[in-house]
Amino acid sequence: MILKEVNVLNIRMLEEKDAEPYRSLRLAALKESPEAFLMTYDEEIRKEDPIANIAARLGKSDVFTFGAFVGEELAAVTTLELESPIKISHKGNILAMYVAKDHRGTRLGQKLLEAVMEKVKERGLEQLQLSVIEENISARRLYESVGFQTYSIEKQAFKLGERYWNEYNMVKFL
């Protein structure tokens, strides 16, 4: 596969004003890759006052949602969640990473993860953790390319209908 570079790219933490484009991208992610996320599309669309809830989450001090914009389009997102208990406060969790289908193969995911890692360095964290389903080989390769290593595999971690998915738990020591 030939990679193409992103031309106009802005990566920043999302704010309350970004709640609507974030929700649109999240719904697309849940529809396209239901096995990759804990929440299902049907659960997500049934939420009450979703924009207000997302806006409130984007304003939290222990959760940072990053967005990669190509021009004005929100093209990729991921969330960094900090741990608050003292004994695990040296860790952060990367959650809900998604790159829109039209922007894959542009190194957008790599650039987004690099921006998250810069934020992590500012906070003095020592490790990042994430989980990815076994079949999502392109995501696993992306995470490995920026230094993540698999430390365990949870068998039958997700179940949707009669189908199970194994989940790779990965860590990057900083």
# chains A, B, ... in the order shown; residues from 1 in each chain; ligands from 1

$ closest_atom_pairs --of "stretch 22-127 of chain A" --to "stretch 157-162 of chain A" --cutoff "12 Å" --atoms "only C-alpha atoms" --output "CSV"
residue,atom,partner,partner_atom,distance
A:Ser33,CA,A:Leu160,CA,11.9
A:Pro34,CA,A:Leu160,CA,8.6
A:Glu35,CA,A:Phe158,CA,7.5
A:Ala36,CA,A:Phe158,CA,8.8
A:Phe37,CA,A:Phe158,CA,9.0
A:Leu38,CA,A:Phe158,CA,7.7
A:Met39,CA,A:Leu160,CA,10.5
A:Thr40,CA,A:Leu160,CA,9.0
A:Tyr41,CA,A:Leu160,CA,11.8

$ select_by_dssp --residues "stretch 11-128 of chain A" --states "strand (DSSP E or B)" --output "ChimeraX atom specification"
/A:11-13,63-70,73-82,91-99,127-128

$ write_last_selection --atoms "N, CA and C atoms" --output "compact mmCIF listing (two decimals), in the first residue's frame"
# COMPACT_ATOMS: atom_id res chain seq x y z
N ILE A 11 -3.96 19.11 14.85
CA ILE A 11 -4.31 18.19 15.94
C ILE A 11 -4.41 19.02 17.21
N ARG A 12 -5.54 18.86 17.88
CA ARG A 12 -5.75 19.61 19.12
C ARG A 12 -6.72 18.85 20.02
N MET A 13 -6.76 19.26 21.28
CA MET A 13 -7.74 18.68 22.18
C MET A 13 -9.11 19.23 21.81
N VAL A 63 -9.71 13.57 31.49
CA VAL A 63 -9.93 12.90 30.21
C VAL A 63 -9.66 13.92 29.11
N PHE A 64 -8.79 13.56 28.18
CA PHE A 64 -8.43 14.46 27.08
C PHE A 64 -8.76 13.78 25.76
N THR A 65 -9.68 14.35 25.01
CA THR A 65 -10.02 13.79 23.71
C THR A 65 -9.35 14.65 22.65
N PHE A 66 -8.54 14.01 21.84
CA PHE A 66 -7.80 14.69 20.78
C PHE A 66 -8.50 14.47 19.46
N GLY A 67 -8.47 15.49 18.62
CA GLY A 67 -9.02 15.38 17.28
C GLY A 67 -7.99 15.80 16.26
N ALA A 68 -7.99 15.10 15.14
CA ALA A 68 -7.14 15.47 14.01
C ALA A 68 -8.06 16.02 12.93
N PHE A 69 -7.82 17.25 12.55
CA PHE A 69 -8.64 17.92 11.55
C PHE A 69 -7.86 18.02 10.25
N VAL A 70 -8.50 17.63 9.18
CA VAL A 70 -7.96 17.83 7.83
C VAL A 70 -8.82 18.94 7.25
N GLU A 73 -12.52 19.37 8.59
CA GLU A 73 -13.14 18.07 8.88
C GLU A 73 -12.44 17.35 10.03
N LEU A 74 -13.23 16.92 11.00
CA LEU A 74 -12.71 16.07 12.06
C LEU A 74 -12.53 14.68 11.46
N ALA A 75 -11.28 14.25 11.31
CA ALA A 75 -10.97 13.03 10.56
C ALA A 75 -10.50 11.88 11.44
N ALA A 76 -10.10 12.16 12.67
CA ALA A 76 -9.63 11.11 13.58
C ALA A 76 -9.74 11.60 15.01
N VAL A 77 -9.97 10.66 15.92
CA VAL A 77 -10.08 10.99 17.34
C VAL A 77 -9.47 9.89 18.18
N THR A 78 -9.06 10.26 19.36
CA THR A 78 -8.72 9.31 20.41
C THR A 78 -8.80 10.03 21.74
N THR A 79 -8.94 9.24 22.79
CA THR A 79 -9.09 9.80 24.12
C THR A 79 -7.98 9.27 25.03
N LEU A 80 -7.41 10.16 25.81
CA LEU A 80 -6.43 9.82 26.84
C LEU A 80 -7.12 9.98 28.18
N GLU A 81 -7.20 8.89 28.92
CA GLU A 81 -7.82 8.92 30.24
C GLU A 81 -6.73 8.72 31.28
N LEU A 82 -6.66 9.64 32.23
CA LEU A 82 -5.66 9.55 33.30
C LEU A 82 -6.22 8.75 34.46
N LYS A 91 0.04 5.88 35.05
CA LYS A 91 -0.47 5.27 33.82
C LYS A 91 -1.54 6.14 33.17
N GLY A 92 -1.65 6.00 31.87
CA GLY A 92 -2.75 6.59 31.12
C GLY A 92 -3.32 5.55 30.19
N ASN A 93 -4.57 5.72 29.82
CA ASN A 93 -5.24 4.79 28.92
C ASN A 93 -5.67 5.49 27.65
N ILE A 94 -5.37 4.88 26.53
CA ILE A 94 -5.83 5.39 25.24
C ILE A 94 -7.09 4.62 24.89
N LEU A 95 -8.15 5.37 24.62
CA LEU A 95 -9.47 4.79 24.37
C LEU A 95 -10.05 5.31 23.06
N ALA A 96 -10.91 4.52 22.47
CA ALA A 96 -11.78 4.95 21.36
C ALA A 96 -11.03 5.63 20.21
N MET A 97 -9.93 5.03 19.81
CA MET A 97 -9.18 5.57 18.66
C MET A 97 -9.92 5.22 17.38
N TYR A 98 -10.06 6.21 16.51
CA TYR A 98 -10.73 5.97 15.23
C TYR A 98 -10.23 6.96 14.19
N VAL A 99 -9.90 6.44 13.02
CA VAL A 99 -9.53 7.27 11.86
C VAL A 99 -10.59 7.02 10.79
N GLN A 127 3.68 5.26 31.56
CA GLN A 127 3.23 4.26 30.60
C GLN A 127 1.83 4.56 30.09
N LEU A 128 1.60 4.08 28.89
CA LEU A 128 0.28 4.17 28.25
C LEU A 128 -0.21 2.76 27.98

$ residues_around --residues "A:Leu125" --least-positions-apart "5" --cutoff "10 Å" --atoms "only C-alpha atoms" --output "PDB file with N, CA and C atoms, in the first residue's frame"
ATOM      1  N   LEU A  82      -6.663   9.640  32.232  1.00  0.00           N
ATOM      2  CA  LEU A  82      -5.663   9.553  33.296  1.00  0.00           C
ATOM      3  C   LEU A  82      -6.225   8.754  34.461  1.00  0.00           C
ATOM      4  N   GLU A  83      -5.368   8.041  35.132  1.00  0.00           N
ATOM      5  CA  GLU A  83      -5.770   7.280  36.316  1.00  0.00           C
ATOM      6  C   GLU A  83      -5.636   8.179  37.541  1.00  0.00           C
ATOM      7  N   ILE A  88      -1.697   3.954  40.708  1.00  0.00           N
ATOM      8  CA  ILE A  88      -1.667   3.774  39.248  1.00  0.00           C
ATOM      9  C   ILE A  88      -1.693   5.114  38.508  1.00  0.00           C
ATOM     10  N   SER A  89      -1.376   6.181  39.221  1.00  0.00           N
ATOM     11  CA  SER A  89      -1.414   7.511  38.595  1.00  0.00           C
ATOM     12  C   SER A  89      -0.274   7.735  37.604  1.00  0.00           C
ATOM     13  N   HIS A  90       0.632   6.785  37.504  1.00  0.00           N
ATOM     14  CA  HIS A  90       1.722   6.872  36.524  1.00  0.00           C
ATOM     15  C   HIS A  90       1.296   6.333  35.160  1.00  0.00           C
ATOM     16  N   LYS A  91       0.036   5.877  35.052  1.00  0.00           N
ATOM     17  CA  LYS A  91      -0.469   5.274  33.818  1.00  0.00           C
ATOM     18  C   LYS A  91      -1.541   6.141  33.174  1.00  0.00           C
ATOM     19  N   GLY A  92      -1.648   6.001  31.871  1.00  0.00           N
ATOM     20  CA  GLY A  92      -2.749   6.595  31.122  1.00  0.00           C
ATOM     21  C   GLY A  92      -3.317   5.547  30.188  1.00  0.00           C
ATOM     22  N   MET A 117       1.138  11.361  22.920  1.00  0.00           N
ATOM     23  CA  MET A 117       2.356  11.057  23.675  1.00  0.00           C
ATOM     24  C   MET A 117       3.059  12.330  24.150  1.00  0.00           C
ATOM     25  N   LYS A 119       1.464  15.035  25.087  1.00  0.00           N
ATOM     26  CA  LYS A 119       0.655  15.421  26.249  1.00  0.00           C
ATOM     27  C   LYS A 119       1.032  14.572  27.455  1.00  0.00           C
ATOM     28  N   VAL A 120       1.247  13.304  27.225  1.00  0.00           N
ATOM     29  CA  VAL A 120       1.624  12.383  28.290  1.00  0.00           C
ATOM     30  C   VAL A 120       2.955  12.796  28.908  1.00  0.00           C
ATOM     31  N   PHE A 173       5.958   1.779  27.456  1.00  0.00           N
ATOM     32  CA  PHE A 173       6.678   2.382  28.572  1.00  0.00           C
ATOM     33  C   PHE A 173       7.395   3.611  28.042  1.00  0.00           C
ATOM     34  N   LEU A 174       7.247   4.702  28.751  1.00  0.00           N
ATOM     35  CA  LEU A 174       7.791   5.982  28.271  1.00  0.00           C
ATOM     36  C   LEU A 174       9.130   6.309  28.912  1.00  0.00           C
TER      37      LEU A 174
END

$ residues_around --residues "A:Gln110" --least-positions-apart "5" --cutoff "9 Å" --atoms "only C-alpha atoms" --output "PyMOL selection string"
chain A and resi 115+142-143+145-146

$ closest_residue --among "A:Gly147, A:Gly71, A:Pro85, A:Pro21" --to "A:Ile51" --atoms "only C-alpha atoms"
A:Pro21

$ closest_residue --among "A:Gln129, A:Leu9, A:Ala100, A:Thr150" --to "A:Arg26" --atoms "only C-alpha atoms"
A:Ala100

$ closest_residue --among "A:Ile86, A:Ala28, A:Ile153, A:Leu14" --to "A:Ala55" --atoms "only C-alpha atoms"
A:Leu14

$ closest_residue --among "A:Lys172, A:Lys17, A:Lys101, A:Lys121" --to "A:Ala56" --atoms "only C-alpha atoms"
A:Lys17

$ residues_around --residues "A:Glu135" --least-positions-apart "2" --cutoff "10 Å" --atoms "only C-alpha atoms" --output "PDB file with C-alpha atoms, in the first residue's frame"
ATOM      1  CA  GLU A  35     -16.585  -5.060  17.151  1.00  0.00           C
ATOM      2  CA  ALA A  36     -13.911  -2.482  17.976  1.00  0.00           C
ATOM      3  CA  VAL A 132      -7.422  -3.602  20.426  1.00  0.00           C
ATOM      4  CA  ILE A 133      -9.320  -6.558  19.014  1.00  0.00           C
ATOM      5  CA  ILE A 137      -4.342  -5.960  12.361  1.00  0.00           C
ATOM      6  CA  SER A 138      -3.832  -2.485  10.871  1.00  0.00           C
ATOM      7  CA  ALA A 139      -4.489  -0.851  14.264  1.00  0.00           C
ATOM      8  CA  ARG A 140      -2.153  -3.304  15.998  1.00  0.00           C
ATOM      9  CA  TRP A 165     -13.586 -11.263  19.844  1.00  0.00           C
ATOM     10  CA  ASN A 166     -10.238 -11.612  21.563  1.00  0.00           C
ATOM     11  CA  GLU A 167      -8.634  -8.420  22.807  1.00  0.00           C
ATOM     12  CA  TYR A 168      -4.928  -7.582  22.796  1.00  0.00           C
TER      13      TYR A 168
END
